[in-house]
Structures are given as structure tokens and as C-alpha cells.
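Q: Below is the file data_1.tsv, with TSV, C-alpha atoms.
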```
chain	number	residue	atom	x	y	z
T	1	MET	CA	-148.14	51.07	-260.51
T	2	THR	CA	-150.81	49.19	-258.64
T	3	PHE	CA	-153.69	48.30	-260.92
T	4	ILE	CA	-157.05	47.55	-259.36
T	5	ASN	CA	-159.68	45.95	-261.55
T	6	TYR	CA	-163.11	46.10	-259.93
T	7	ALA	CA	-164.65	43.91	-262.65
T	8	SER	CA	-162.31	40.95	-262.17
T	9	ARG	CA	-161.74	41.95	-258.52
T	10	GLU	CA	-157.97	41.87	-258.81
T	11	ILE	CA	-155.15	43.95	-257.40
T	12	ASN	CA	-151.96	43.82	-259.48
T	13	CYS	CA	-148.69	45.11	-258.10
T	14	LYS	CA	-145.17	45.19	-259.49
T	15	ILE	CA	-142.13	44.26	-257.43
T	16	VAL	CA	-138.60	44.54	-258.78
T	17	TYR	CA	-135.57	42.64	-257.49
T	18	TYR	CA	-132.48	44.79	-257.92
T	19	GLY	CA	-128.81	44.23	-257.12
T	20	PRO	CA	-125.34	43.64	-258.55
T	21	GLY	CA	-124.52	40.91	-261.05
T	22	LEU	CA	-124.69	37.34	-259.70
T	23	CYS	CA	-126.16	38.44	-256.34
T	24	GLY	CA	-129.06	35.98	-256.64
T	25	LYS	CA	-132.03	37.94	-257.99
T	26	THR	CA	-133.04	35.26	-260.47
T	27	THR	CA	-132.39	32.61	-257.82
T	28	ASN	CA	-134.96	34.32	-255.57
T	29	LEU	CA	-137.56	34.12	-258.33
T	30	GLN	CA	-136.60	30.58	-259.23
T	31	TYR	CA	-137.06	29.48	-255.63
T	32	ILE	CA	-140.46	31.17	-255.39
T	33	PHE	CA	-141.45	29.55	-258.67
T	34	ASP	CA	-140.30	26.08	-257.59
T	35	SER	CA	-142.00	26.20	-254.23
T	36	THR	CA	-145.35	27.68	-255.23
T	37	ALA	CA	-148.34	25.64	-256.35
T	38	PRO	CA	-148.78	25.88	-260.15
T	39	GLN	CA	-152.29	27.33	-259.80
T	40	ALA	CA	-150.91	30.24	-257.79
T	41	ARG	CA	-148.31	31.32	-260.30
T	42	GLY	CA	-147.76	31.79	-264.01
T	43	LYS	CA	-144.72	30.95	-266.06
T	44	LEU	CA	-141.27	32.13	-265.10
T	45	ILE	CA	-140.12	34.04	-268.13
T	46	SER	CA	-136.36	34.52	-268.32
T	47	LEU	CA	-134.86	36.70	-270.99
T	48	ALA	CA	-131.32	35.47	-270.51
T	49	THR	CA	-128.13	35.14	-272.49
T	50	GLU	CA	-126.85	31.76	-273.63
T	51	THR	CA	-124.79	31.61	-270.46
T	52	ASP	CA	-127.89	32.17	-268.31
T	53	ARG	CA	-127.09	35.73	-267.35
T	54	THR	CA	-130.18	37.93	-267.27
T	55	LEU	CA	-130.26	39.95	-270.48
T	56	PHE	CA	-133.41	42.00	-270.02
T	57	PHE	CA	-135.54	40.70	-267.15
T	58	ASP	CA	-137.11	37.69	-265.47
T	59	PHE	CA	-140.81	37.83	-264.86
T	60	MET	CA	-143.21	35.78	-262.85
T	61	PRO	CA	-146.81	36.50	-261.80
T	62	LEU	CA	-147.72	35.22	-258.36
T	63	GLU	CA	-151.15	35.09	-256.77
T	64	LEU	CA	-151.06	35.29	-253.01
T	65	GLY	CA	-154.73	35.02	-252.08
T	66	THR	CA	-157.55	37.48	-251.47
T	67	VAL	CA	-157.71	40.65	-249.44
T	68	ARG	CA	-161.16	42.16	-248.91
T	69	GLY	CA	-162.51	40.05	-251.77
T	70	PHE	CA	-159.80	41.11	-254.20
T	71	LYS	CA	-157.28	38.64	-255.60
T	72	THR	CA	-153.77	39.95	-254.99
T	73	ARG	CA	-151.38	39.32	-257.83
T	74	PHE	CA	-147.76	40.31	-257.62
T	75	HIS	CA	-145.74	40.68	-260.78
T	76	LEU	CA	-142.17	39.88	-259.81
T	77	TYR	CA	-139.37	41.19	-261.99
T	78	THR	CA	-135.61	41.05	-261.81
T	79	VAL	CA	-133.25	43.44	-263.55
T	80	PRO	CA	-130.00	42.44	-265.27
T	81	GLY	CA	-127.27	43.08	-262.73
T	82	GLN	CA	-124.34	43.59	-265.06
T	83	VAL	CA	-123.25	47.22	-265.13
T	84	PHE	CA	-123.59	47.71	-268.90
T	85	TYR	CA	-127.31	46.84	-268.96
T	86	ASP	CA	-128.27	50.09	-267.29
T	87	ALA	CA	-130.75	51.14	-269.99
T	88	SER	CA	-132.72	47.93	-269.38
T	89	ARG	CA	-132.72	48.44	-265.62
T	90	LYS	CA	-134.25	51.89	-265.99
T	91	LEU	CA	-137.06	50.53	-268.17
T	92	ILE	CA	-137.94	47.76	-265.75
T	93	LEU	CA	-138.34	50.21	-262.87
T	94	LYS	CA	-141.23	51.93	-264.67
T	95	GLY	CA	-144.42	51.54	-262.70
T	96	VAL	CA	-142.72	49.78	-259.79
T	97	ASP	CA	-144.64	49.43	-256.51
T	98	GLY	CA	-141.92	47.89	-254.38
T	99	VAL	CA	-138.21	47.12	-254.61
T	100	VAL	CA	-136.06	44.37	-253.10
T	101	PHE	CA	-132.36	45.09	-253.10
T	102	VAL	CA	-130.48	41.79	-253.10
T	103	ALA	CA	-127.02	42.37	-251.69
T	104	ASP	CA	-124.22	39.84	-252.13
T	105	SER	CA	-122.76	39.30	-248.65
T	106	GLN	CA	-119.29	38.31	-249.86
T	107	GLU	CA	-116.49	40.70	-248.92
T	108	GLU	CA	-115.26	41.06	-252.47
T	109	ARG	CA	-118.73	42.14	-253.66
T	110	MET	CA	-119.07	45.04	-251.25
T	111	ASP	CA	-118.09	47.64	-253.81
T	112	ALA	CA	-120.48	46.10	-256.34
T	113	ASN	CA	-123.31	46.33	-253.79
T	114	ILE	CA	-122.61	49.99	-253.10
T	115	GLU	CA	-122.38	50.79	-256.80
T	116	SER	CA	-125.61	48.96	-257.55
T	117	LEU	CA	-127.48	50.63	-254.69
T	118	TYR	CA	-126.34	54.03	-255.89
T	119	ASN	CA	-127.46	53.03	-259.39
T	120	LEU	CA	-130.88	52.03	-258.01
T	121	GLU	CA	-131.33	55.40	-256.33
T	122	GLU	CA	-130.35	57.21	-259.52
T	123	ASN	CA	-132.55	55.09	-261.77
T	124	LEU	CA	-135.53	55.42	-259.46
T	125	LYS	CA	-135.03	59.16	-259.50
T	126	SER	CA	-134.96	59.19	-263.30
T	127	GLN	CA	-138.37	57.48	-263.25
T	128	GLY	CA	-139.76	59.97	-260.75
T	129	TYR	CA	-139.49	57.80	-257.63
T	130	ASP	CA	-137.68	58.33	-254.36
T	131	LEU	CA	-136.06	55.33	-252.67
T	132	MET	CA	-136.82	56.92	-249.32
T	133	LYS	CA	-140.56	56.82	-250.02
T	134	ILE	CA	-141.07	53.60	-251.91
T	135	PRO	CA	-141.78	50.17	-250.32
T	136	TYR	CA	-138.33	48.68	-249.98
T	137	VAL	CA	-136.52	45.70	-248.45
T	138	LEU	CA	-132.81	44.94	-248.14
T	139	GLN	CA	-131.96	41.27	-248.53
T	140	LEU	CA	-128.48	40.09	-247.47
T	141	ASN	CA	-127.98	37.04	-249.62
T	142	LYS	CA	-125.43	34.20	-249.65
T	143	ARG	CA	-125.13	34.10	-245.85
T	144	ASP	CA	-123.98	30.48	-246.11
T	145	LEU	CA	-120.64	31.36	-247.71
T	146	GLY	CA	-117.40	31.55	-245.73
T	147	ASN	CA	-116.18	35.01	-246.66
T	148	VAL	CA	-119.23	37.06	-245.74
T	149	VAL	CA	-119.28	40.53	-244.21
T	150	PRO	CA	-121.00	40.62	-240.78
T	151	VAL	CA	-124.68	41.60	-240.95
T	152	GLU	CA	-124.15	44.75	-238.85
T	153	ASP	CA	-121.43	46.01	-241.20
T	154	LEU	CA	-123.53	45.32	-244.30
T	155	ALA	CA	-126.54	47.02	-242.76
T	156	ALA	CA	-124.45	50.01	-241.71
T	157	GLU	CA	-123.21	50.39	-245.25
T	158	LEU	CA	-126.34	49.54	-247.24
T	159	GLN	CA	-129.40	50.27	-245.12
T	160	ARG	CA	-130.96	53.53	-246.23
T	161	LYS	CA	-134.03	54.26	-244.16
T	162	GLY	CA	-134.63	51.63	-241.52
T	163	GLU	CA	-136.06	49.24	-244.09
T	164	PRO	CA	-136.47	45.57	-243.17
T	165	VAL	CA	-133.21	43.65	-243.51
T	166	VAL	CA	-133.56	39.95	-244.29
T	167	GLU	CA	-130.70	37.45	-244.19
T	168	ALA	CA	-131.02	34.91	-246.97
T	169	VAL	CA	-129.59	31.96	-248.81
T	170	ALA	CA	-131.69	32.18	-251.95
T	171	ALA	CA	-130.31	28.94	-253.37
T	172	THR	CA	-131.86	26.97	-250.49
T	173	GLY	CA	-134.81	29.31	-250.03
T	174	ALA	CA	-133.82	30.67	-246.63
T	175	GLY	CA	-135.22	34.17	-246.26
T	176	VAL	CA	-136.75	34.25	-249.74
T	177	PHE	CA	-140.40	34.29	-248.66
T	178	ASP	CA	-139.61	36.51	-245.66
T	179	THR	CA	-138.24	39.04	-248.12
T	180	LEU	CA	-141.26	38.80	-250.39
T	181	LYS	CA	-143.60	39.10	-247.44
T	182	ALA	CA	-141.80	42.16	-246.11
T	183	VAL	CA	-142.07	44.03	-249.39
T	184	ALA	CA	-145.62	42.83	-250.21
T	185	LYS	CA	-146.79	43.99	-246.81
T	186	GLN	CA	-145.47	47.48	-247.42
T	187	VAL	CA	-147.03	47.61	-250.90
T	188	LEU	CA	-150.45	46.56	-249.63
T	189	THR	CA	-150.18	48.96	-246.71
T	190	GLU	CA	-149.72	51.77	-249.27
T	191	LEU	CA	-153.16	50.87	-250.66
T	192	ARG	CA	-154.76	51.90	-247.40
T	193	LYS	CA	-153.61	55.42	-248.05
T	194	GLY	CA	-155.31	55.48	-251.46
P	1	MET	CA	-143.50	57.33	-253.28
P	2	ALA	CA	-145.04	54.87	-255.71
P	3	ASP	CA	-147.58	56.08	-258.28
P	4	THR	CA	-151.25	56.45	-257.42
P	5	PRO	CA	-153.07	53.19	-258.18
P	6	ILE	CA	-155.13	52.91	-261.34
P	7	LEU	CA	-158.72	51.95	-260.54
P	8	LEU	CA	-160.67	50.30	-263.33
P	9	ARG	CA	-164.39	50.37	-262.57
P	10	GLU	CA	-166.66	47.58	-263.70
P	11	GLN	CA	-168.61	49.69	-266.18
P	12	GLN	CA	-165.41	51.08	-267.71
P	13	TYR	CA	-164.04	47.57	-268.03
P	14	HIS	CA	-167.11	46.48	-269.98
P	15	GLN	CA	-166.99	49.57	-272.18
P	16	ILE	CA	-163.36	48.85	-273.03
P	17	LYS	CA	-164.17	45.22	-273.74
P	18	ALA	CA	-166.98	46.26	-276.09
P	19	VAL	CA	-164.53	48.36	-278.11
P	20	LEU	CA	-162.05	45.47	-278.21
P	21	ALA	CA	-164.81	43.09	-279.32
P	22	ARG	CA	-165.70	45.33	-282.21
P	23	LEU	CA	-162.06	45.75	-283.16
P	24	ARG	CA	-161.58	42.01	-283.09
P	25	MET	CA	-164.52	41.48	-285.42
P	26	ASP	CA	-163.63	44.32	-287.79
P	27	SER	CA	-160.03	43.22	-288.07
P	28	ALA	CA	-160.76	39.47	-288.23
P	29	ALA	CA	-158.27	39.01	-285.40
P	30	LYS	CA	-157.84	36.01	-283.12
P	31	VAL	CA	-157.14	37.89	-279.93
P	32	VAL	CA	-157.15	41.53	-278.96
P	33	PHE	CA	-155.82	42.77	-275.68
P	34	LEU	CA	-155.03	45.98	-273.95
P	35	VAL	CA	-152.02	46.40	-271.69
P	36	ASP	CA	-150.64	49.37	-269.86
P	37	LYS	CA	-147.04	50.39	-270.46
P	38	ASP	CA	-145.98	48.86	-267.15
P	39	GLY	CA	-147.07	45.43	-268.37
P	40	GLN	CA	-150.40	45.13	-266.56
P	41	GLU	CA	-153.10	43.47	-268.60
P	42	ILE	CA	-156.25	45.59	-268.68
P	43	ALA	CA	-158.55	43.42	-270.78
P	44	SER	CA	-158.32	40.63	-273.32
P	45	LEU	CA	-160.79	39.20	-275.74
P	46	GLY	CA	-160.99	36.44	-278.32
P	47	GLU	CA	-159.56	32.95	-278.71
P	48	VAL	CA	-157.58	33.24	-275.51
P	49	GLY	CA	-157.80	29.52	-274.60
P	50	ASN	CA	-154.49	28.50	-273.07
P	51	LEU	CA	-152.74	31.66	-274.14
P	52	ASP	CA	-150.66	33.06	-271.28
P	53	THR	CA	-151.92	36.62	-271.57
P	54	THR	CA	-150.18	37.73	-268.35
P	55	SER	CA	-146.76	36.82	-269.73
P	56	LEU	CA	-147.67	38.26	-273.11
P	57	ALA	CA	-148.66	41.53	-271.45
P	58	SER	CA	-145.38	41.75	-269.61
P	59	LEU	CA	-143.32	40.90	-272.68
P	60	THR	CA	-145.29	43.36	-274.80
P	61	ALA	CA	-144.48	46.12	-272.34
P	62	GLY	CA	-140.82	45.04	-272.31
P	63	ASN	CA	-140.78	44.98	-276.08
P	64	VAL	CA	-142.27	48.46	-276.38
P	65	ALA	CA	-140.01	49.81	-273.66
P	66	ALA	CA	-136.92	48.43	-275.40
P	67	THR	CA	-137.86	49.74	-278.84
P	68	GLY	CA	-138.88	53.04	-277.24
P	69	GLY	CA	-135.38	53.26	-275.79
P	70	MET	CA	-133.95	52.59	-279.25
P	71	ALA	CA	-136.20	55.28	-280.73
P	72	GLN	CA	-134.91	57.86	-278.29
P	73	LEU	CA	-131.32	56.98	-279.07
P	74	ILE	CA	-131.93	57.89	-282.72
P	75	GLY	CA	-133.85	61.05	-281.87
P	76	GLU	CA	-137.41	59.73	-282.17
P	77	LYS	CA	-139.94	60.09	-279.36
P	78	GLU	CA	-141.13	56.51	-279.77
P	79	PHE	CA	-142.12	53.98	-282.41
P	80	PRO	CA	-145.91	54.17	-282.34
P	81	THR	CA	-146.51	50.76	-283.88
P	82	LEU	CA	-144.64	47.46	-283.81
P	83	SER	CA	-145.36	44.37	-285.88
P	84	HIS	CA	-144.04	40.86	-285.54
P	85	GLU	CA	-144.90	38.52	-288.37
P	86	GLY	CA	-144.56	34.79	-287.90
P	87	GLU	CA	-145.20	31.92	-290.27
P	88	LYS	CA	-148.77	31.52	-289.07
P	89	GLU	CA	-149.39	33.93	-286.23
P	90	SER	CA	-148.59	37.62	-286.13
P	91	ILE	CA	-148.81	40.40	-283.59
P	92	HIS	CA	-149.41	44.08	-284.10
P	93	ILE	CA	-148.88	46.54	-281.25
P	94	SER	CA	-150.05	50.16	-281.22
P	95	VAL	CA	-148.78	52.57	-278.60
P	96	ILE	CA	-151.65	54.82	-277.51
P	97	GLY	CA	-150.37	57.14	-274.80
P	98	ARG	CA	-149.72	54.85	-271.85
P	99	LEU	CA	-151.77	52.04	-273.41
P	100	LEU	CA	-150.61	49.25	-275.66
P	101	LEU	CA	-153.20	47.78	-277.98
P	102	VAL	CA	-152.18	44.29	-279.06
P	103	VAL	CA	-153.84	42.43	-281.93
P	104	MET	CA	-152.97	38.80	-282.68
P	105	PHE	CA	-154.00	37.57	-286.09
P	106	ASP	CA	-153.37	34.80	-288.61
P	107	GLU	CA	-153.92	34.26	-292.33
P	108	ARG	CA	-157.62	35.14	-291.99
P	109	SER	CA	-156.58	38.77	-291.67
P	110	SER	CA	-153.78	41.01	-292.88
P	111	LEU	CA	-151.37	43.51	-291.35
P	112	GLY	CA	-152.93	46.34	-293.38
P	113	LEU	CA	-156.43	45.64	-292.11
P	114	VAL	CA	-155.24	45.27	-288.50
P	115	LYS	CA	-153.30	48.55	-288.70
P	116	LEU	CA	-156.28	50.39	-290.14
P	117	ARG	CA	-158.79	49.07	-287.62
P	118	SER	CA	-156.42	49.59	-284.68
P	119	LYS	CA	-155.91	53.20	-285.67
P	120	GLN	CA	-159.66	53.73	-285.91
P	121	VAL	CA	-160.25	52.78	-282.25
P	122	SER	CA	-157.12	54.41	-280.82
P	123	GLN	CA	-158.70	57.73	-280.00
P	124	GLN	CA	-161.70	56.14	-278.36
P	125	LEU	CA	-159.56	53.88	-276.18
P	126	ALA	CA	-157.32	56.80	-275.25
P	127	SER	CA	-160.24	58.88	-273.98
P	128	MET	CA	-161.73	55.90	-272.15
P	129	PHE	CA	-158.42	55.34	-270.39
P	130	ASP	CA	-158.05	59.00	-269.55
P	131	GLU	CA	-161.28	58.63	-267.65
P	132	VAL	CA	-159.97	55.48	-265.91
P	133	ALA	CA	-156.76	57.24	-264.95
P	134	SER	CA	-158.73	60.03	-263.29
P	135	ASN	CA	-160.69	57.62	-261.06
P	136	ASP	CA	-160.25	58.14	-257.38
P	137	TYR	CA	-161.08	55.93	-254.43
P	138	ASP	CA	-164.69	56.00	-253.24
P	139	ASP	CA	-165.26	57.03	-249.67
P	140	ASP	CA	-166.02	53.38	-248.98
P	141	SER	CA	-162.81	52.06	-250.55
P	142	PRO	CA	-162.43	48.39	-249.63
P	143	PHE	CA	-158.72	48.97	-249.11
P	144	ALA	CA	-158.89	51.68	-246.48
P	145	GLY	CA	-159.71	49.03	-243.90
P	146	ILE	CA	-157.01	46.51	-244.79
P	147	THR	CA	-155.53	45.24	-241.54
P	148	ASP	CA	-152.16	43.71	-240.77
P	149	GLU	CA	-154.03	40.44	-240.18
P	150	ASP	CA	-155.48	40.58	-243.72
P	151	ILE	CA	-151.99	40.93	-245.12
P	152	ASP	CA	-150.46	38.30	-242.84
P	153	SER	CA	-153.16	35.83	-243.86
P	154	LEU	CA	-151.84	35.92	-247.42
P	155	PHE	CA	-148.65	34.28	-246.23
P	156	SER	CA	-150.01	31.79	-243.75
```
Can you dump the structure from the file as C-alpha cells?
A:
Amino acid sequence: MTFINYASREINCKIVYYGPGLCGKTTNLQYIFDSTAPQARGKLISLATETDRTLFFDFMPLELGTVRGFKTRFHLYTVPGQVFYDASRKLILKGVDGVVFVADSQEERMDANIESLYNLEENLKSQGYDLMKIPYVLQLNKRDLGNVVPVEDLAAELQRKGEPVVEAVAATGAGVFDTLKAVAKQVLTELRKG
Amino acid sequence: MADTPILLREQQYHQIKAVLARLRMDSAAKVVFLVDKDGQEIASLGEVGNLDTTSLASLTAGNVAATGGMAQLIGEKEFPTLSHEGEKESIHISVIGRLLLVVMFDERSSLGLVKLRSKQVSQQLASMFDEVASNDYDDDSPFAGITDEDIDSLFS
């Protein structure tokens, strides 16, 4: 939920990166963290297992600059992608302002993408949100790999409502900021409506 | 759609801070801060120094959400208080509706005192936040006029 503090003149918004296990959600955050000036971001908190799989969430606050005299701070979260962490995923969606669905473009992950997207819709619903009405971006990640599904086929299968579709290689940063920009823009546009 | 934004007015912010300041003094705490259940920091007060209150706010919310999930699994609505005691520093969290009141303290205070004082201000903070939650945009909301250029400039 967007939080606007008139005393400190700050707008705080929450963006959640969602998607199947190993699709690159944490890699998106890691790239943003690595390529942002330290004064514009806080720590990257990763609650991960000993094998570096996300256990609960990753979190990173990012300050983008000022709009109408208000500092805009985005709180970026990832969810754990593994199927059995569903309870955690539900909790992290609480108060969300915008969602990025990170799809894994590899052929063999198509079913996992579909399952995860369905899971996102269900979990949003359980928190009182509707995917069709919330700021939302579809990122097609891992476009550099050899066995990827064509963009048109992925979009036909995964695009829900004409949302922006961004091709990405999160490990090298390609498309990472385009994705963030696309979702941040929608979130800030919502503020106009009040 | 996403939830309606929460608007914290300047006067309300200072009122909340005044309550936190009194709580901090009465409970001999190092730091007191207020977070909403989504992990947004509302106000903090005390020996904040280099403390990363933004991360603490997010982790507090995660902590409460996770224990709340556990509570529901055993048939409880939620666990209204959580305490973490370290060798030197400790944290006490009270769940007050959609607010989380966090008190950090050391050997100068005690868990009993912090619990007591936190409970005493809970009601007051809850009603203050009810008022905050009912705030609506003014007619001259600074956000109504946000342009695409304003947003694009954040990424240039």
C-alpha cells in the first residue's frame, strides 16, 4: 500500500517480483543493487537457505528521486519461487502496489511459468487484489539461452491484460531497469487517481 | 486494484512522534519505532544513529506476518506480542491492529517494563492511526498533476 508521509515528504511504494523457482527474481534485485549508487539504496536483505535459494524474501529499498517535491522510495521484494513456500508468498503480497512477473523463457520451464502465474492470481485474490487491476509487468527473462520459447508464444501464453512485456537477461542487466521503470510508472500513475 | 494510499499529515506525524518519545522515556528504551504491517516505517525515535530502520521495518513486518501465519495454523488469530532477547540488545514488538510498535532496549530496561509501557500507549496509537487511515486527498493533492515527464525524469 502506498504510504505518503507529508512530514518527511516521502512516497513509499511496494513492488513484488514474482515467478517460478530459479527464474531470476533475486538476480533482478541483485543487479539493481549492484548498479545503483549507495546513497540511493539501502541494504539488500536476503532471507535465503544455505544453498542461496530464497527462503522468505529478498528486500531492498530504492530511492528514485523526487516527484512534486516528494522523495519516491520503492520497496522491492521477491517471493520464494519454490512451490512449497506458498504461505510465504501470500504474506509478501500484502500491501503490494505493483507486481513484476519474471518468466523463465526456457522451454522446459513453460509449465512452471503457467503454474506460478496461476498461483499469483490466486494469491492476489486471497489478499483482496485483482491481477487485472493492479500495476503489472511481464518480464521474459533468460533471453540469452539457447532453448528459449519465442517471445510471441510466451506472450500469447502468459500475457493477461496487455501489460508491458520486457525481454531481459537479468544476469547481465538487460531489461532489468526497463522492467522496474514500467512497473514504477504504473504505480505512480495510480497516485494521480487518489 | 491496489489499496488506497495512506496519507500521513505533518501534524499527525508529530503527534505520533510525541507518543513514541514519551514511551521511549518511560520504558528506558534505546529506540522506538512504528511500522505498518506491510513493512512501511511510519516514525522512529531514539538512538537511531546508523541503525537501518528501513530494513528493520521490513523484517519486523515479515517476522510478524510469519508468526501470524503460525498462529492461524494452531487456531489463534495472531500473536499480539513478540520478543527477541539478545545478549545485549533486545526487541519487543506489539501488534496493534495494522500497526507494529517496536521497542529496542538493552540492560538499562527490562522486558516487563517495556511490555507494560507499550501496552499503555497501544490504544492511543491505534486511535491516532485510525484517524490517519481515514485521511483523504486534499483538493489540491500534489499528485493529481503528476505528468508522464515527472515520472520519466526519475529514470533519466
Q: Restricting the calculation to all atoms listed in the file: of P:Met128, P:Leu20, P:Leu100, P:Leu51, which residue gets closest to chain T?
A: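 Nearest to chain T: P:Leu51.
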Q: Which residues are near segment 14-31 of chain T? Cut-off 8 Å, all atoms listed in the file, ignore same chain within fewer than 6 positions. Put them as JSON, numbers by chain.
A: {"T": [1, 2, 44, 54, 58, 60, 74, 75, 76, 77, 78, 79, 80, 81, 82, 83, 92, 93, 95, 96, 97, 98, 99, 100, 101, 102, 103, 104, 112, 113, 115, 116, 117, 120, 141, 142, 170, 171, 172, 173, 176]}
Q: Tell me the residues of chain P close to chain T, meaning within 6 Å using only C-alpha atoms, as a compact mmCIF listing (two decimals) with C-alpha atoms, in the coordinates of the input.
A:
```txt
# COMPACT_ATOMS: atom_id res chain seq x y z
CA MET P 1 -143.50 57.33 -253.28
CA ALA P 2 -145.04 54.87 -255.71
CA ASP P 3 -147.58 56.08 -258.28
CA PRO P 5 -153.07 53.19 -258.18
CA ILE P 6 -155.13 52.91 -261.34
CA LEU P 7 -158.72 51.95 -260.54
CA LEU P 8 -160.67 50.30 -263.33
CA ARG P 9 -164.39 50.37 -262.57
CA GLU P 10 -166.66 47.58 -263.70
CA ASP P 38 -145.98 48.86 -267.15
CA PHE P 143 -158.72 48.97 -249.11
CA ALA P 144 -158.89 51.68 -246.48
CA LEU P 154 -151.84 35.92 -247.42
```
Q: What separation in Å, quoted to one decimal, exists between atom CA of Ser110 of chain P and atom CA of Val32 of chain P?
A: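 Separating atom CA of Ser110 of chain P from atom CA of Val32 of chain P is a distance of 14.3 Å.
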Q: To one decimal place in Å, what is the distance between atom CA of Gln106 of chain T and atom CA of Gly146 of chain T?
A: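 For atom CA of Gln106 of chain T relative to atom CA of Gly146 of chain T, the distance reads 8.1 Å.
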Q: Would you work out the distance separating atom CA of Ala174 of chain T from atom CA of Asp144 of chain T, expressed in Å to one decimal?
A: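 Computed distance, atom CA of Ala174 of chain T to atom CA of Asp144 of chain T, equals 9.9 Å.
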Q: Which is closest to Ala65 of chain P among P:Leu99, P:Ala126, P:Leu23, P:Leu111, if we use all atoms listed in the file?
A: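 That would be P:Leu99, the residue with the smallest distance to Ala65 of chain P.
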Q: Please provide as a ChimeraX atom specification all residues within 12 Å of Thr53 of chain P, with the sequence filter that same-chain residues fewer than 4 positions apart are discarded (counting all atoms listed in the file).
A: /T:42-43,61 /P:31-35,39-49,57-60,102,104
